[in-house]
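Raw run36.cif, mmCIF, C-alpha atoms:
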data_structure
#
loop_
_atom_site.label_atom_id
_atom_site.label_comp_id
_atom_site.auth_asym_id
_atom_site.auth_seq_id
_atom_site.Cartn_x
_atom_site.Cartn_y
_atom_site.Cartn_z
CA MET A 1 -30.12 -1.05 19.65
CA ASN A 2 -28.38 1.19 22.16
CA LEU A 3 -27.11 4.42 20.60
CA VAL A 4 -24.09 6.07 22.20
CA ARG A 5 -23.10 9.47 20.81
CA LEU A 6 -19.60 10.64 21.58
CA LYS A 7 -17.62 13.68 20.59
CA GLY A 8 -13.87 13.92 20.42
CA VAL A 9 -13.22 10.72 22.38
CA PRO A 10 -9.67 9.47 21.82
CA ILE A 11 -9.67 6.63 19.32
CA LEU A 12 -7.88 4.18 21.62
CA GLN A 13 -10.54 4.72 24.27
CA GLN A 14 -13.22 4.17 21.63
CA LEU A 15 -11.58 0.93 20.46
CA HIS A 16 -11.32 -0.37 24.03
CA LEU A 17 -14.98 0.42 24.64
CA GLU A 18 -16.00 -1.30 21.40
CA GLU A 19 -14.05 -4.47 22.07
CA ARG A 20 -15.43 -4.69 25.60
CA LEU A 21 -19.01 -4.27 24.38
CA LEU A 22 -18.42 -6.86 21.65
CA ARG A 23 -17.08 -9.51 24.01
CA LYS A 24 -18.87 -8.76 27.26
CA SER A 25 -22.28 -7.31 26.38
CA SER A 26 -25.28 -9.13 24.93
CA ASP A 27 -26.98 -5.97 23.64
CA ASN A 28 -26.85 -4.42 20.18
CA TRP A 29 -24.99 -1.11 19.95
CA CYS A 30 -24.43 1.79 17.62
CA ILE A 31 -21.57 4.06 18.63
CA ILE A 32 -20.99 7.36 16.88
CA ASN A 33 -17.85 9.31 17.76
CA ASP A 34 -17.82 12.74 16.15
CA GLY A 35 -14.10 13.33 15.65
CA THR A 36 -11.17 12.21 17.72
CA HIS A 37 -8.84 14.42 19.65
CA ASP A 38 -5.37 14.17 18.12
CA PRO A 39 -4.15 12.85 14.76
CA THR A 40 -3.50 9.15 15.23
CA ILE A 41 -2.47 6.33 12.93
CA VAL A 42 -4.55 3.18 13.33
CA MET A 43 -3.39 -0.09 11.77
CA GLY A 44 -5.33 -3.34 11.45
CA ILE A 45 -4.56 -6.46 13.47
CA SER A 46 -1.88 -7.70 11.08
CA GLY A 47 -0.40 -4.35 10.15
CA LYS A 48 3.39 -4.02 10.09
CA PRO A 49 4.68 -0.48 10.61
CA VAL A 50 7.65 -0.96 8.30
CA GLU A 51 5.34 -1.91 5.42
CA LEU A 52 2.61 0.64 6.02
CA LEU A 53 4.20 3.73 7.50
CA GLU A 54 6.89 6.28 6.70
CA ILE A 55 8.41 5.70 10.12
CA ASP A 56 10.91 8.58 10.11
CA PRO A 57 8.32 11.38 9.94
CA VAL A 58 6.02 9.43 12.28
CA LEU A 59 8.79 9.31 14.89
CA GLN A 60 9.88 12.87 14.23
CA ASP A 61 6.37 14.26 14.64
CA GLU A 62 5.59 11.86 17.49
CA LEU A 63 2.38 10.63 15.94
CA PRO A 64 0.71 7.90 18.01
CA VAL A 65 0.37 4.54 16.22
CA ILE A 66 -2.31 2.10 17.34
CA GLN A 67 -2.80 -1.54 16.38
CA ARG A 68 -6.51 -2.29 16.56
CA PHE A 69 -8.37 -5.54 17.12
CA THR A 70 -10.17 -5.59 13.77
CA GLY A 71 -8.81 -6.48 10.35
CA GLY A 72 -8.29 -4.21 7.40
CA GLY A 73 -5.89 -1.46 6.50
CA THR A 74 -4.33 1.67 7.92
CA VAL A 75 -6.04 4.98 8.50
CA ILE A 76 -4.98 8.30 9.94
CA VAL A 77 -7.76 9.78 12.02
CA ASP A 78 -8.26 13.19 13.56
CA GLN A 79 -10.95 15.78 14.32
CA GLY A 80 -12.18 15.49 10.73
CA THR A 81 -13.05 11.81 11.11
CA VAL A 82 -16.51 10.59 12.04
CA PHE A 83 -16.70 7.06 13.44
CA VAL A 84 -19.74 4.80 13.25
CA THR A 85 -19.74 1.36 14.82
CA PHE A 86 -22.32 -1.41 14.89
CA ILE A 87 -22.05 -4.20 17.44
CA CYS A 88 -24.72 -6.88 17.01
CA ASN A 89 -25.79 -10.31 18.08
CA LYS A 90 -25.55 -12.78 15.22
CA ASP A 91 -29.33 -13.05 14.94
CA ALA A 92 -29.92 -9.30 15.25
CA VAL A 93 -30.46 -8.85 11.53
CA PRO A 94 -32.87 -11.54 10.25
CA GLY A 95 -31.34 -13.71 7.57
CA LEU A 96 -27.82 -12.26 7.95
CA GLN A 97 -24.94 -14.74 8.18
CA SER A 98 -22.16 -13.46 10.40
CA TYR A 99 -19.39 -13.61 7.84
CA PRO A 100 -17.46 -10.61 6.52
CA ARG A 101 -19.15 -10.08 3.16
CA PRO A 102 -22.79 -10.37 4.26
CA ILE A 103 -22.13 -8.03 7.19
CA MET A 104 -20.46 -5.51 4.94
CA SER A 105 -23.33 -5.77 2.43
CA TRP A 106 -25.86 -5.10 5.18
CA SER A 107 -23.92 -2.06 6.40
CA SER A 108 -23.85 -0.69 2.88
CA LEU A 109 -27.65 -0.89 2.75
CA VAL A 110 -27.73 1.37 5.81
CA TYR A 111 -25.40 3.89 4.19
CA GLN A 112 -27.18 3.64 0.86
CA LYS A 113 -30.12 5.19 2.69
CA VAL A 114 -27.90 7.85 4.28
CA PHE A 115 -26.57 9.00 0.91
CA GLN A 116 -29.79 8.65 -1.05
CA GLY A 117 -30.09 11.68 -3.27
CA ILE A 118 -26.73 13.03 -2.10
CA GLY A 119 -23.99 11.21 -3.95
CA ASP A 120 -23.21 8.15 -6.05
CA PHE A 121 -22.64 5.88 -3.06
CA SER A 122 -21.69 2.24 -3.42
CA LEU A 123 -19.75 -0.54 -1.75
CA ARG A 124 -16.89 -1.28 -4.10
CA GLU A 125 -14.50 -4.13 -3.37
CA ASN A 126 -15.14 -3.71 0.35
CA ASP A 127 -14.75 0.10 0.37
CA TYR A 128 -17.41 2.78 0.68
CA VAL A 129 -17.06 5.07 -2.30
CA LEU A 130 -18.70 8.11 -3.79
CA GLY A 131 -18.15 7.63 -7.50
CA ASN A 132 -14.77 5.89 -7.49
CA HIS A 133 -13.35 7.77 -4.53
CA LYS A 134 -13.09 6.12 -1.14
CA PHE A 135 -14.42 8.15 1.75
CA GLY A 136 -14.56 5.62 4.55
CA GLY A 137 -12.40 2.77 5.81
CA ASN A 138 -14.28 -0.12 7.38
CA ALA A 139 -13.29 -3.22 9.30
CA GLN A 140 -14.85 -5.98 11.34
CA SER A 141 -14.43 -8.41 14.18
CA ILE A 142 -16.54 -11.55 14.31
CA ILE A 143 -16.79 -13.75 17.39
CA LYS A 144 -18.91 -16.78 18.15
CA ASN A 145 -22.33 -15.16 18.51
CA ARG A 146 -21.68 -11.48 17.78
CA TRP A 147 -20.08 -9.22 15.24
CA LEU A 148 -18.74 -5.70 15.07
CA HIS A 149 -18.45 -3.47 12.04
CA HIS A 150 -16.83 -0.06 12.32
CA THR A 151 -16.08 2.70 9.87
CA SER A 152 -13.92 5.79 9.97
CA PHE A 153 -15.51 8.33 7.64
CA LEU A 154 -13.36 11.05 6.07
CA TRP A 155 -15.58 14.02 6.61
CA ASP A 156 -12.40 16.07 6.22
CA TYR A 157 -8.70 15.36 6.30
CA GLU A 158 -5.33 17.12 6.27
CA ILE A 159 -3.41 16.62 3.05
CA SER A 160 -0.15 16.82 4.98
CA ASN A 161 -1.11 13.74 7.01
CA MET A 162 -0.94 11.55 3.94
CA ARG A 163 2.84 11.71 4.02
CA TYR A 164 2.89 9.38 7.02
CA LEU A 165 1.39 6.51 5.06
CA LYS A 166 3.03 4.32 2.43
CA LEU A 167 1.05 2.96 -0.45
CA PRO A 168 -0.18 -0.40 0.85
CA LYS A 169 0.90 -3.64 -0.84
CA ARG A 170 -2.66 -4.94 -1.00
CA THR A 171 -4.93 -2.53 -2.81
CA PRO A 172 -8.31 -2.96 -4.49
CA GLU A 173 -8.31 -3.13 -8.27
CA TYR A 174 -10.43 -0.02 -8.64
CA ARG A 175 -7.70 2.01 -6.96
CA GLN A 176 -5.65 1.60 -10.17
CA ALA A 177 -2.37 2.68 -8.58
CA ARG A 178 -3.74 6.10 -7.63
CA GLY A 179 -1.93 7.93 -4.84
CA HIS A 180 -3.71 8.72 -1.57
CA LEU A 181 -5.03 12.13 -2.64
CA GLU A 182 -6.37 10.90 -5.99
CA PHE A 183 -8.01 7.89 -4.36
CA ILE A 184 -9.93 9.42 -1.44
CA CYS A 185 -12.47 12.23 -1.16
CA ARG A 186 -13.93 14.42 1.57
CA MET A 187 -17.46 13.79 2.72
CA LYS A 188 -17.83 17.49 3.53
CA ASP A 189 -18.01 18.15 -0.21
CA TYR A 190 -21.26 16.19 -0.24
CA ILE A 191 -23.05 16.54 3.09
CA PRO A 192 -22.90 18.67 6.27
CA ARG A 193 -21.44 16.85 9.23
CA SER A 194 -24.44 16.97 11.54
CA ASN A 195 -26.68 16.01 8.63
CA PHE A 196 -24.62 12.86 8.03
CA ILE A 197 -24.89 11.84 11.68
CA ASP A 198 -28.64 12.53 11.83
CA ARG A 199 -29.28 10.63 8.62
CA THR A 200 -27.20 7.70 9.89
CA ILE A 201 -29.25 7.51 13.07
CA ASP A 202 -32.45 7.64 11.00
CA ALA A 203 -31.20 4.88 8.72
CA VAL A 204 -30.32 2.68 11.71
CA GLY A 205 -33.83 3.33 12.99
CA ASN A 206 -35.17 1.57 9.89
CA HIS A 207 -33.57 -1.65 11.14
CA PHE A 208 -33.67 -1.35 14.93
CA LEU A 209 -35.58 0.30 17.73
CA VAL A 210 -32.98 2.81 18.83
CA ARG A 211 -32.61 4.03 22.39
CA SER A 212 -30.02 6.58 23.46
CA MET A 213 -27.54 5.78 26.18
CA GLU A 214 -24.93 7.95 27.82
CA LEU A 215 -21.28 6.93 27.87
CA GLU A 216 -21.21 7.36 31.65
CA ALA A 217 -23.65 4.48 32.00
CA ILE A 218 -21.25 2.04 30.36
CA LYS A 219 -17.85 3.62 30.90
CA TYR A 220 -16.90 1.75 34.05
CA PRO A 221 -18.05 -1.83 33.81
CA SER A 222 -18.89 -3.92 36.81
CA GLY A 223 -18.00 -7.57 36.96
CA THR A 224 -15.11 -9.37 35.28
CA LYS A 225 -12.09 -7.40 34.16
CA PHE A 226 -11.52 -7.24 30.45
CA GLN A 227 -8.16 -6.80 28.74
CA PRO A 228 -8.62 -5.15 25.34
CA SER A 229 -6.19 -6.06 22.60
CA SER A 230 -5.98 -2.72 20.73
CA ARG A 231 -2.78 -1.03 21.85
CA LEU A 232 -0.53 1.92 21.38
CA LEU A 233 2.80 0.93 19.85
CA ARG A 234 5.83 2.02 21.85
CA LYS A 235 8.33 4.41 20.33
CA GLN A 236 10.97 1.71 20.75
CA GLU A 237 8.95 -0.70 18.60
CA LEU A 238 8.79 1.81 15.78
CA GLU A 239 12.50 2.59 16.08
CA GLU A 240 13.38 -1.11 16.01
CA ALA A 241 11.13 -1.67 12.98
CA GLU A 242 12.87 1.17 11.16
CA PHE A 243 16.32 -0.11 12.15
CA ASP A 244 15.50 -3.68 11.04
CA SER A 245 14.19 -2.35 7.76
CA ARG A 246 17.32 -0.30 7.06
CA THR A 247 19.60 -3.14 8.17
CA GLY A 248 17.74 -5.47 5.86
CA VAL A 249 18.12 -3.06 2.95
CA PHE A 250 21.88 -2.71 3.69
CA ILE A 251 22.46 -6.46 3.97
CA ASN A 252 20.47 -7.17 0.83
CA GLY A 253 22.51 -4.58 -1.00
CA LEU A 254 25.75 -6.09 0.32
CA LEU A 255 24.74 -9.59 -0.69
CA ARG A 256 23.79 -8.41 -4.14
CA SER A 257 27.16 -6.72 -4.57
CA LEU A 258 28.96 -9.85 -3.30
CA ASP A 259 26.98 -11.98 -5.74
CA LEU A 260 27.99 -9.58 -8.48
CA CYS A 261 31.65 -9.77 -7.45
CA SER A 262 31.48 -13.54 -7.41
CA LEU A 263 29.90 -13.57 -10.86
CA VAL A 264 32.55 -11.21 -12.28
CA ASN A 265 35.27 -13.27 -10.63
CA ARG A 266 33.97 -16.46 -12.19
CA GLU A 267 33.75 -14.84 -15.61
CA TYR A 268 36.88 -12.74 -15.64
CA GLY A 269 38.99 -13.87 -12.63
CA ILE A 270 39.38 -10.23 -11.50
CA TYR A 271 38.64 -10.48 -7.81
CA ASN A 272 41.00 -12.50 -5.58
CA PHE A 273 39.51 -13.19 -2.22
CA SER A 274 42.09 -15.81 -1.26
CA ASN A 275 43.59 -13.40 1.27
CA PHE A 276 40.33 -13.80 3.22
CA GLY A 277 40.77 -17.54 3.27
CA HIS A 278 37.52 -18.15 1.46
CA GLY A 279 39.07 -19.53 -1.72
CA TRP A 280 36.78 -17.49 -3.90
CA ASN A 281 39.37 -17.09 -6.55
CA GLU A 282 38.41 -20.10 -8.58
CA MET B 1 -35.95 -18.13 0.90
CA ALA B 2 -37.16 -14.54 1.43
CA SER B 3 -33.83 -13.66 2.99
CA LYS B 4 -31.92 -15.21 0.05
CA LEU B 5 -34.01 -13.10 -2.35
CA TRP B 6 -33.31 -10.01 -0.23
CA ALA B 7 -29.59 -10.76 -0.22
CA SER B 8 -29.34 -11.36 -3.95
CA ARG B 9 -31.34 -8.21 -4.74
CA ALA B 10 -29.13 -6.18 -2.46
CA ALA B 11 -26.03 -7.69 -4.03
CA SER B 12 -27.30 -6.99 -7.52
CA TYR B 13 -28.16 -3.38 -6.65
CA LEU B 14 -24.79 -2.81 -5.08
CA ARG B 15 -22.92 -4.62 -7.85
CA ILE B 16 -21.20 -7.06 -5.52
CA SER B 17 -20.86 -10.80 -5.68
CA LEU B 18 -22.16 -13.00 -2.90
CA PHE B 19 -21.35 -16.17 -4.77
CA HIS B 20 -19.82 -19.03 -2.90
CA ARG B 21 -19.90 -22.76 -3.55
CA GLY B 22 -23.18 -24.49 -2.80
CA PHE B 23 -21.37 -27.38 -1.14
CA ALA B 24 -18.43 -27.80 1.21
CA THR B 25 -16.11 -30.78 1.51
CA VAL B 26 -15.85 -32.71 4.74
CA ILE B 27 -13.49 -35.45 5.88
CA LYS B 28 -15.26 -38.57 7.00
CA ASP B 29 -13.35 -39.40 10.18
CA PHE B 30 -13.04 -35.88 11.54
CA LYS B 31 -15.35 -34.32 14.10
CA TYR B 32 -16.91 -30.88 13.74
CA ALA B 33 -18.04 -27.98 15.91
CA ASP B 34 -21.03 -25.77 15.13
CA THR B 35 -18.59 -22.87 14.87
CA HIS B 36 -17.03 -24.56 11.82
CA GLU B 37 -13.81 -25.97 13.22
CA TRP B 38 -12.74 -29.57 12.70
CA VAL B 39 -10.76 -31.86 14.94
CA LYS B 40 -8.84 -35.02 14.04
CA VAL B 41 -8.35 -37.15 17.12
CA ASP B 42 -5.41 -39.49 17.38
CA GLY B 43 -5.29 -41.08 20.80
CA SER B 44 -4.61 -38.36 23.33
CA SER B 45 -3.66 -35.82 20.62
CA ALA B 46 -5.80 -33.77 18.33
CA THR B 47 -5.26 -31.56 15.32
CA VAL B 48 -7.58 -28.58 14.81
CA GLY B 49 -8.39 -26.37 11.85
CA ILE B 50 -11.29 -24.58 10.20
CA THR B 51 -13.56 -26.31 7.72
CA ASP B 52 -13.90 -25.90 3.99
CA HIS B 53 -17.31 -24.28 4.60
CA ALA B 54 -15.71 -21.72 6.89
CA GLN B 55 -12.82 -20.83 4.62
CA ASP B 56 -15.17 -20.48 1.65
CA HIS B 57 -17.43 -18.06 3.55
CA LEU B 58 -14.55 -16.12 5.10
CA GLY B 59 -12.75 -15.35 1.85
CA ASP B 60 -9.01 -15.14 1.29
CA VAL B 61 -7.21 -15.46 4.60
CA VAL B 62 -4.36 -12.97 4.84
CA TYR B 63 -3.28 -13.48 8.45
CA VAL B 64 -3.62 -16.09 11.17
CA GLU B 65 -3.18 -15.16 14.83
CA LEU B 66 -1.77 -18.26 16.49
CA PRO B 67 -1.71 -19.06 20.21
CA GLU B 68 1.50 -19.76 22.10
CA VAL B 69 2.63 -23.35 22.52
CA GLY B 70 1.64 -24.32 26.03
CA ALA B 71 -1.54 -22.25 25.99
CA VAL B 72 -4.63 -23.87 27.44
CA VAL B 73 -7.67 -24.17 25.20
CA THR B 74 -11.22 -24.94 26.32
CA GLN B 75 -14.01 -26.45 24.27
CA GLY B 76 -15.96 -23.63 22.63
CA GLY B 77 -13.45 -20.98 23.70
CA SER B 78 -11.51 -18.85 21.23
CA PHE B 79 -7.80 -19.45 20.86
CA GLY B 80 -6.82 -17.42 17.84
CA ALA B 81 -8.17 -15.56 14.85
CA VAL B 82 -8.00 -15.35 11.09
CA GLU B 83 -8.12 -12.15 9.09
CA SER B 84 -9.97 -12.04 5.79
CA VAL B 85 -11.80 -9.30 3.90
CA LYS B 86 -10.97 -6.72 6.58
CA ALA B 87 -12.42 -8.89 9.34
CA THR B 88 -10.83 -10.76 12.21
CA SER B 89 -12.82 -13.91 12.96
CA ASP B 90 -12.29 -15.88 16.14
CA ILE B 91 -11.24 -19.50 15.89
CA ASN B 92 -12.81 -21.60 18.64
CA SER B 93 -11.43 -24.85 19.93
CA PRO B 94 -13.63 -27.94 19.53
CA ILE B 95 -11.72 -29.62 22.34
CA SER B 96 -10.11 -28.75 25.67
CA GLY B 97 -6.43 -29.30 26.31
CA LYS B 98 -2.98 -27.80 25.95
CA VAL B 99 -1.48 -26.52 22.72
CA VAL B 100 1.59 -28.61 21.89
CA GLU B 101 2.27 -27.35 18.38
CA VAL B 102 1.14 -24.53 16.12
CA ASN B 103 1.38 -24.45 12.34
CA GLU B 104 4.17 -21.91 11.87
CA GLU B 105 3.78 -22.18 8.08
CA LEU B 106 0.62 -20.11 8.41
CA SER B 107 2.67 -17.07 9.41
CA SER B 108 4.24 -16.89 5.97
CA SER B 109 1.47 -18.68 4.04
CA PRO B 110 -1.92 -17.88 5.60
CA GLY B 111 -3.59 -18.91 2.32
CA LEU B 112 -2.99 -22.55 3.25
CA VAL B 113 -6.16 -22.25 5.32
CA ASN B 114 -8.06 -21.66 2.07
CA ALA B 115 -6.11 -23.98 -0.20
CA SER B 116 -5.85 -26.95 2.15
CA PRO B 117 -8.17 -26.49 5.13
CA TYR B 118 -7.97 -30.14 6.27
CA GLU B 119 -4.30 -30.85 5.65
CA ASN B 120 -1.59 -28.22 5.26
CA GLY B 121 -3.89 -25.53 6.67
CA TRP B 122 -4.16 -27.18 10.11
CA ILE B 123 -3.83 -24.60 12.88
CA ILE B 124 -2.97 -26.19 16.25
CA LYS B 125 -2.23 -29.56 17.79
CA VAL B 126 -3.60 -30.19 21.24
CA GLU B 127 -2.94 -32.67 24.03
CA ILE B 128 -6.50 -33.61 24.89
CA GLU B 129 -7.72 -33.08 28.44
CA ASN B 130 -10.99 -35.00 28.26
CA SER B 131 -11.66 -37.37 25.36
CA ASP B 132 -15.37 -37.53 26.27
CA GLU B 133 -15.77 -34.03 24.83
CA VAL B 134 -15.49 -35.49 21.33
CA LYS B 135 -18.90 -37.12 21.81
CA SER B 136 -20.57 -33.71 21.79
CA LEU B 137 -19.18 -32.89 18.33
CA MET B 138 -20.81 -33.63 14.98
CA ASP B 139 -19.65 -36.33 12.61
CA SER B 140 -19.15 -35.54 8.92
CA ASP B 141 -22.74 -36.34 7.90
CA GLN B 142 -24.24 -34.32 10.73
CA TYR B 143 -21.93 -31.40 9.95
CA SER B 144 -22.76 -31.46 6.23
CA LYS B 145 -26.46 -31.32 7.10
CA PHE B 146 -25.78 -28.52 9.60
CA CYS B 147 -24.05 -26.45 6.91
CA GLU B 148 -26.87 -27.00 4.42
CA GLU B 149 -29.46 -25.93 6.99
CA GLU B 150 -27.44 -22.90 8.01
CA ASP B 151 -26.98 -21.73 4.43
CA ALA B 152 -30.66 -22.35 3.65
CA LYS B 153 -31.72 -20.11 6.54
CA HIS B 154 -29.82 -17.13 5.15
#

Exercise: express the given structure as structure tokens:
Amino acid sequence: MNLVRLKGVPILQQLHLEERLLRKSSDNWCIINDGTHDPTIVMGISGKPVELLEIDPVLQDELPVIQRFTGGGTVIVDQGTVFVTFICNKDAVPGLQSYPRPIMSWSSLVYQKVFQGIGDFSLRENDYVLGNHKFGGNAQSIIKNRWLHHTSFLWDYEISNMRYLKLPKRTPEYRQARGHLEFICRMKDYIPRSNFIDRTIDAVGNHFLVRSMELEAIKYPSGTKFQPSSRLLRKQELEEAEFDSRTGVFINGLLRSLDLCSLVNREYGIYNFSNFGHGWNE
Amino acid sequence: MASKLWASRAASYLRISLFHRGFATVIKDFKYADTHEWVKVDGSSATVGITDHAQDHLGDVVYVELPEVGAVVTQGGSFGAVESVKATSDINSPISGKVVEVNEELSSSPGLVNASPYENGWIIKVEIENSDEVKSLMDSDQYSKFCEEEDAKH
């Protein structure tokens, strides 16, 4: 497995690199990015801004919003986030079927080793938790003969950043309607940052022969061009999503009030809409 | 067998369930790819979806990325994706041709892929380019055996 250690690489650049290595390389990779430059919101492939984000403050504070190529939920990443990604051929791990749950189970065995003796780590309903607090969001992309699993670990986070995110519609049962701050925890309360990275590399070494590779060696690929699918949403898209949402709320409210008027009219004959030519005055 | 024991021990230790059905349904007259898509050929047209085995292993599908009508698909090439359990999984076409219809219902009801993988959960309809390609696909018996062997290996 090729190990690429990065520091402060922008998350969009990381995602583009990952997707290219997934689709165009035939090697196994572990990419560790120690923090990303600026606070950025990253949604999964099917994420809808209007459902997941408080768009007004996002627009006001000009926070970048990315839609990534993997599934899963929404995270807000910054310098306090540590990213670990595995990109593997489907036969890289003996006996592992390349479906979501087996891959996630295997990854949790790696992290079980990392947190041995440090915290009550487990994989709970597809989340990495310490106790019952989530500290890492993970997601995957599976193609014909390869798979990718990546995690954004909350080594630290800004409480104020939570205001950009709505409570998602789909939540795991163990969350039990807890708000963001009651649901997540900081890894820094359990383990020093460099220690986590070193222990992760050691744990990977239990499964693969690891060789280090510099980003420069793979940054500019030769051969066929590749168009990654992770993208930065345009400001206009966010504005339109917010407008559509507010218009929808207004129209729904109007329809409800019209239904109410119609009901009252039928019951009590109070409202006379005949002037509008609709003949609602029954 | 050793890998199954490993997997079940890991699952037990981590308190997660790896259970899925020990069998998967197949439709007799359909053809199947080793990437777990099915195709129903009707003259020069074909309907494509993912198999019961695939939907069972993927988990609840929450989103289906559909191609555009008019897109060209090639045998073995990916044309879309499904999202389940935080993963996007490519869907590969068992046949080459041009997409003439997509199942728009999947945009609002992606769970049809799980509930009805061979009927209401169909994904695309294709105008076939080369009907000889069907010969390289598995029939229902061959596919059933393929699934059993694949599951037994893991």

- request: Taking all atoms listed in the file into account, report as a ChimeraX atom specification which residues of chain B lie within 6 Å of chain A.
  value: /B:3,83,86-90,154

- prompt: Applied to this file, what does the PyMOL selection byres ((chain B and resi 126-136) around 10) return in terms of residues, put as an MDAnalysis selection string?
  reply: chainID B and resid 31:33 39:48 69:75 93:102 124:125 137:139

- request: Report as a PyMOL selection string the residues that result from applying the PyMOL selection byres ((chain A and resi 234) around 12) to the structure here.
  value: chain A and resi 49+59+62-67+231-233+235-241

- request: Could you state which residues are captured by the PyMOL selection byres ((chain B and resi 60) around 8) in this file, as number ranges by chain?
  value: B: 55, 58-59, 61-62, 84-85, 111, 114

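The space between atom CA of A:Leu12 and atom CA of A:Gly179 spans 27.4 Å.
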
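Taking atom CA of A:Glu242 and atom CA of A:Thr40 as the two end points, the separation is 18.7 Å.
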
message: Could you list, as a ChimeraX atom specification, every residue within 9 Å of A:Thr36, counting all atoms listed in the file and ignoring same-chain residues fewer than 2 positions away?
response: /A:7-11,33-34,38-40,77-83

For stretch 86-92 of chain B, take all atoms listed in the file, fit an axis-aligned box around them, add 4 Å to each of the six sides, then output centre and edge lengths in Å rounded to one decimal, as JSON.
{"center_x": -11.8, "center_y": -14.2, "center_z": 12.6, "size_x": 10.0, "size_y": 22.9, "size_z": 20.1}

message: From (-18.5, -3.4, 25.9), in the file's coordinates, out to 12 Å: which residues are reached, counting only C-alpha atoms? Answer as an MDAnalysis selection string.
response: chainID A and resid 2 4 13:31 86:88 146 148 215 217:228

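Counting from atom CA of A:Ser245, the distance to atom CA of A:Ile184 is 28.4 Å.
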
query: Nearest to B:Ala54 among B:Cys147, B:Ile123, B:Leu66, B:Leu112, with distances taken over only C-alpha atoms: which residue is it?
result: B:Cys147

Within 10 Å of A:Lys113, counting only C-alpha atoms, which residues qualify if same-chain residues fewer than 5 places away don't, as a PDB file with C-alpha atoms, keeping the file's coordinate frame?
ATOM      1  CA  SER A 108     -23.850  -0.690   2.880  1.00  0.00           C
ATOM      2  CA  ILE A 118     -26.730  13.030  -2.100  1.00  0.00           C
ATOM      3  CA  PHE A 121     -22.640   5.880  -3.060  1.00  0.00           C
ATOM      4  CA  ARG A 199     -29.280  10.630   8.620  1.00  0.00           C
ATOM      5  CA  THR A 200     -27.200   7.700   9.890  1.00  0.00           C
ATOM      6  CA  ASP A 202     -32.450   7.640  11.000  1.00  0.00           C
ATOM      7  CA  ALA A 203     -31.200   4.880   8.720  1.00  0.00           C
ATOM      8  CA  VAL A 204     -30.320   2.680  11.710  1.00  0.00           C
ATOM      9  CA  ASN A 206     -35.170   1.570   9.890  1.00  0.00           C
TER      10      ASN A 206
END

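If you count all atoms listed in the file and draw a sphere of 10 Å around (-22.3, 10.1, 8.3), the protein and nucleic acid residues inside it come out as Ile32, Asp34, Thr81, Val82, Phe83, Val84, Tyr111, Val114, Phe115, Gly136, Thr151, Ser152, Phe153, Leu154, Trp155, Met187, Lys188, Ile191, Pro192, Arg193, Ser194, Asn195, Phe196, Ile197, Asp198, Arg199, Thr200 and Ile201 of chain A.
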
Starting from the incomplete input, reconstruct N, CA, C and O atoms of stretch 94-102 of chain B and write that as a PDB file, keeping the file's coordinate frame.
ATOM      1  N   PRO B  94     -12.591 -26.931  19.342  1.00  0.00           N
ATOM      2  CA  PRO B  94     -13.630 -27.940  19.530  1.00  0.00           C
ATOM      3  C   PRO B  94     -13.340 -28.849  20.725  1.00  0.00           C
ATOM      4  O   PRO B  94     -14.189 -29.662  21.107  1.00  0.00           O
ATOM      5  N   ILE B  95     -12.162 -28.666  21.317  1.00  0.00           N
ATOM      6  CA  ILE B  95     -11.720 -29.620  22.340  1.00  0.00           C
ATOM      7  C   ILE B  95     -10.883 -28.877  23.391  1.00  0.00           C
ATOM      8  O   ILE B  95     -10.236 -27.880  23.075  1.00  0.00           O
ATOM      9  N   SER B  96     -10.921 -29.377  24.605  1.00  0.00           N
ATOM     10  CA  SER B  96     -10.110 -28.750  25.670  1.00  0.00           C
ATOM     11  C   SER B  96      -8.758 -29.454  25.761  1.00  0.00           C
ATOM     12  O   SER B  96      -8.662 -30.663  25.507  1.00  0.00           O
ATOM     13  N   GLY B  97      -7.748 -28.690  26.140  1.00  0.00           N
ATOM     14  CA  GLY B  97      -6.430 -29.300  26.310  1.00  0.00           C
ATOM     15  C   GLY B  97      -5.336 -28.265  26.298  1.00  0.00           C
ATOM     16  O   GLY B  97      -5.581 -27.079  26.546  1.00  0.00           O
ATOM     17  N   LYS B  98      -4.134 -28.707  25.985  1.00  0.00           N
ATOM     18  CA  LYS B  98      -2.980 -27.800  25.950  1.00  0.00           C
ATOM     19  C   LYS B  98      -2.393 -27.820  24.542  1.00  0.00           C
ATOM     20  O   LYS B  98      -2.228 -28.875  23.937  1.00  0.00           O
ATOM     21  N   VAL B  99      -2.068 -26.645  24.050  1.00  0.00           N
ATOM     22  CA  VAL B  99      -1.480 -26.520  22.720  1.00  0.00           C
ATOM     23  C   VAL B  99      -0.054 -27.058  22.757  1.00  0.00           C
ATOM     24  O   VAL B  99       0.779 -26.587  23.547  1.00  0.00           O
ATOM     25  N   VAL B 100       0.236 -28.046  21.914  1.00  0.00           N
ATOM     26  CA  VAL B 100       1.590 -28.610  21.890  1.00  0.00           C
ATOM     27  C   VAL B 100       2.340 -28.224  20.616  1.00  0.00           C
ATOM     28  O   VAL B 100       3.557 -28.349  20.541  1.00  0.00           O
ATOM     29  N   GLU B 101       1.615 -27.776  19.621  1.00  0.00           N
ATOM     30  CA  GLU B 101       2.270 -27.350  18.380  1.00  0.00           C
ATOM     31  C   GLU B 101       1.329 -26.393  17.649  1.00  0.00           C
ATOM     32  O   GLU B 101       0.112 -26.546  17.715  1.00  0.00           O
ATOM     33  N   VAL B 102       1.920 -25.407  17.000  1.00  0.00           N
ATOM     34  CA  VAL B 102       1.140 -24.530  16.120  1.00  0.00           C
ATOM     35  C   VAL B 102       1.731 -24.622  14.728  1.00  0.00           C
ATOM     36  O   VAL B 102       2.920 -24.914  14.564  1.00  0.00           O
TER      37      VAL B 102
END
